[in-house]
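Some notes on the structure that comes next.
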Amino acid sequence: MSNKNNEDLQRQASDNTLNLNPVIGIRGKDLLSSARMVLLQAIKQPFHSAKHVAHFGLELKNVVLGQSGLQPEADDRRFSDPAWSQNPLYKRYLQTYLAWRKELHQWIAHSNLSEQDTSRGHFVINLMTEAMAPTNSMANPAAVKRFFETGGKSLLDGLSHLAKDLVNNGGMPSQVNMDAFEVGQNLATTEGAVVYRNDVLELIQFKPITESVHERPLLVVPPQINKFYVFDLSPEKSLARFCLRNGLQTFIVSWRNPTKAQREWGLSTYIDALKETIDVILKITGAKDLNILGACSGGITTVALLGHYQAIGENKVNAFTQMVSVLDFNLDTQVALFADEQTLEAAKRRSYQAGVLEGKDMAKVFAWMRPNDLIWNYWVNNYLLGNEPPAFDILYWNNDTTRLPAALHGELVEMFKTNPLTRPNALEVCGTPIDLKQVTCDFYCVAGTTDHITPWEACYRSARLLGGKCEFVLSNSGHIQSILNPPGNPKARFSTSSEMPEDPKAWLDNATKHADSWWLHWQQWIADRSGKAKKANFTLGNKAFPAGEASPGTYVHER
């Protein structure tokens, strides 16, 4: 595989990785019903349809005569091969496709459908037209060149990869070479040990690497749908190592991968497990309180815990960090298009019947939300070019999903429907109602400009729900790249502002832009809230909670 092709796949993977979106009820059925609705529209509006067919015919005539000015969008990398613009046959093939796609979208846009049905129609047409893109066929000039360069071997390799995926990957193109990585060998290698375990989680304490440490420890809470080592991938991308280098006593939760036996685990189950964990950390470190970091659904869990602590009068958390996490579920995203009452109730019913929601099933649905980046890219690479899937650590982690217990899934669906965190006392956990305005500790909130899973405007609205002083930081990256943002990336930028106006656009207009990674900015913020320096203790755990299995522990290996 060429380096450029590999880099493109890695870039797109980083921007499009899965993470828990509470709207996880879409099925193929929902997409098919939208497709049927689009077809019925053609029958009900024959004159409207005939007008667009005639217009397409005129555009086609221009294409054949070489008079069409149609060209792909500048950022559409699929058609970057010179053949698409220089070879007359390829150019006409591409322009015919572009004319067809454009006419279909205009047909649906000018129909008499409701606004939501129009959006659904656009989505279904997009699925169909992207599948039919010329680059996905054997006529792809890159595939033709590769065929002749390899004497036909690329075609045989591609067929072999296709057969393997049909058997092992549910017919979806593999996004990653899963044999290239092993957790504990070349991923999650920072030295540490499990110092506490309950049914829900393992607590990993990492060994200090500085002579002195801040007295107040840090607890990292990952999302429930993914494994913890997103915070400890390769050494250069490891947030855990970055924390250790900066003298933070670092602990990370490794969630258990639930089975249907744990179907009743809900948000309160996870919060109770975190409460036990926090008590253990305070006993091991001797600290009176700690700082906490939550990402994605781990951020929802963390904020609910803080609301519960406030309700019972506990002051065990000094400050917290919220990464790409949405608390206000009024989301304007593609996934929300299909999230009506019937769909969401059906989703809850299915997970209750199965006991769990499978992470891999969620990943499939999510892939169809962004088919060019998560399906057709790999179709071309694996099958048409005959390349092996890329060996990329973020993609390995992304494919190493876990399950969600039915009760937690049901609660997340209800949260999407009723948006309880936006109202005082509308959500109850562990027997106490939650009012986020009463959570008054300082917090640091990170969002990504190109994040389509937790859009930054929704993260911003969510930050304004809390009562504490917020440091809102906007990174110029997507969902997972907002977390994995080590210093030294020349393309990295982030914005900050001391004001938090109601309108996120107003915040952005007045924000100050900075070069490099937000990690360095956060390092100063967290250091100011981590207490005095003290001599590091290089022995992990204590007498009551001795060090057990070496990091990454045992729960991370459960499939």
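Residue numbering restarts at 1 for every chain of the structure tokens, chains are lettered A, B, ... in their displayed order, and ligands are numbered from 1 as they appear.
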_8 Å contact set for segment 278-290 of chain A, only C-alpha atoms, chain neighbours under 2 positions out, as a list in words_ =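 Contacts, with the query itself left out: Tyr196, Glu215, Arg216, Pro217, Leu218, Leu219, Phe251, Leu274, Lys275, Glu276, Ile292, Asn315, Lys316, Val317, Asn318, Ala319, Ser530, Gly541, Asn542 and Phe545 of chain A.
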*Skipping near chain neighbours, those fewer than 6 positions away, what residues fall within 8 Å of segment 48-59 of chain A using only C-alpha atoms, listed as a list in words?*
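What passes the distance filter is Ala42, Ser68, Ala99, Trp100, Glu103, Trp107 and Ser111 of chain A.
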*If you count only C-alpha atoms, which residues fall within 12 Å of Ser137 of chain A, apart from same-chain ones fewer than 6 positions away, as a ChimeraX atom specification?*
/A:93,130-131,143-144,376,379-381,383-385
*From A:Asp361, A:Asp232, A:Glu211, A:Glu202, residue lying nearest Gly184 of chain A [only C-alpha atoms]*: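 Of A:Asp361, A:Asp232, A:Glu211, A:Glu202, the one nearest Gly184 of chain A is A:Asp232, counting only C-alpha atoms.
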_From a backbone DSSP assignment, name each residue in segment 311-414 of chain A labelled strand (DSSP E or B), as a list of chain:residue names._
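Those residues are A:Val317, A:Asn318, A:Ala319, A:Phe320, A:Thr321, A:Gln322, A:Met323, A:Val356, A:Leu357, A:Leu404, A:Pro405.
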*asked:* Could you list, as a VMD selection string, every residue within 6 Å of segment 295-311 of chain A, counting only C-alpha atoms and ignoring same-chain residues fewer than 3 positions away?
replied: chain A and resid 221 to 223 271 314 322 to 325 434 436
*asked:* Ranking A:Ala406, A:Gly386, A:Thr118, A:His479 by minimum distance to Lys153 of chain A and counting only C-alpha atoms, which one comes first?
replied: A:Gly386
*Point out the residue among A:Trp519, A:Phe206, A:Phe329, A:Tyr97 with the least atom-to-atom distance to Glu191 of chain A, counting only C-alpha atoms.*
A:Phe206
*Return as JSON, numbers by chain the full set of residues in segment 283-527 of chain A whose backbone-based DSSP assignment is alpha helix (DSSP H).*
{"A": [283, 284, 285, 297, 298, 299, 300, 301, 302, 303, 304, 305, 306, 307, 308, 309, 310, 311, 312, 341, 342, 343, 344, 345, 346, 347, 348, 349, 350, 351, 352, 353, 354, 359, 360, 361, 362, 363, 364, 365, 366, 367, 368, 369, 371, 377, 378, 393, 394, 395, 396, 397, 398, 399, 406, 407, 408, 409, 410, 411, 412, 413, 414, 415, 416, 417, 418, 456, 457, 458, 459, 460, 461, 462, 463, 479, 480, 481, 482, 483, 504, 505, 506, 507, 508, 509, 510, 518, 519, 520, 521, 522, 523, 524, 525, 526, 527]}
*Can you tell me how far atom CA of Pro490 of chain A sits from atom CA of Thr449 of chain A, in Å to one decimal?*
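A separation of 17.0 Å between them.
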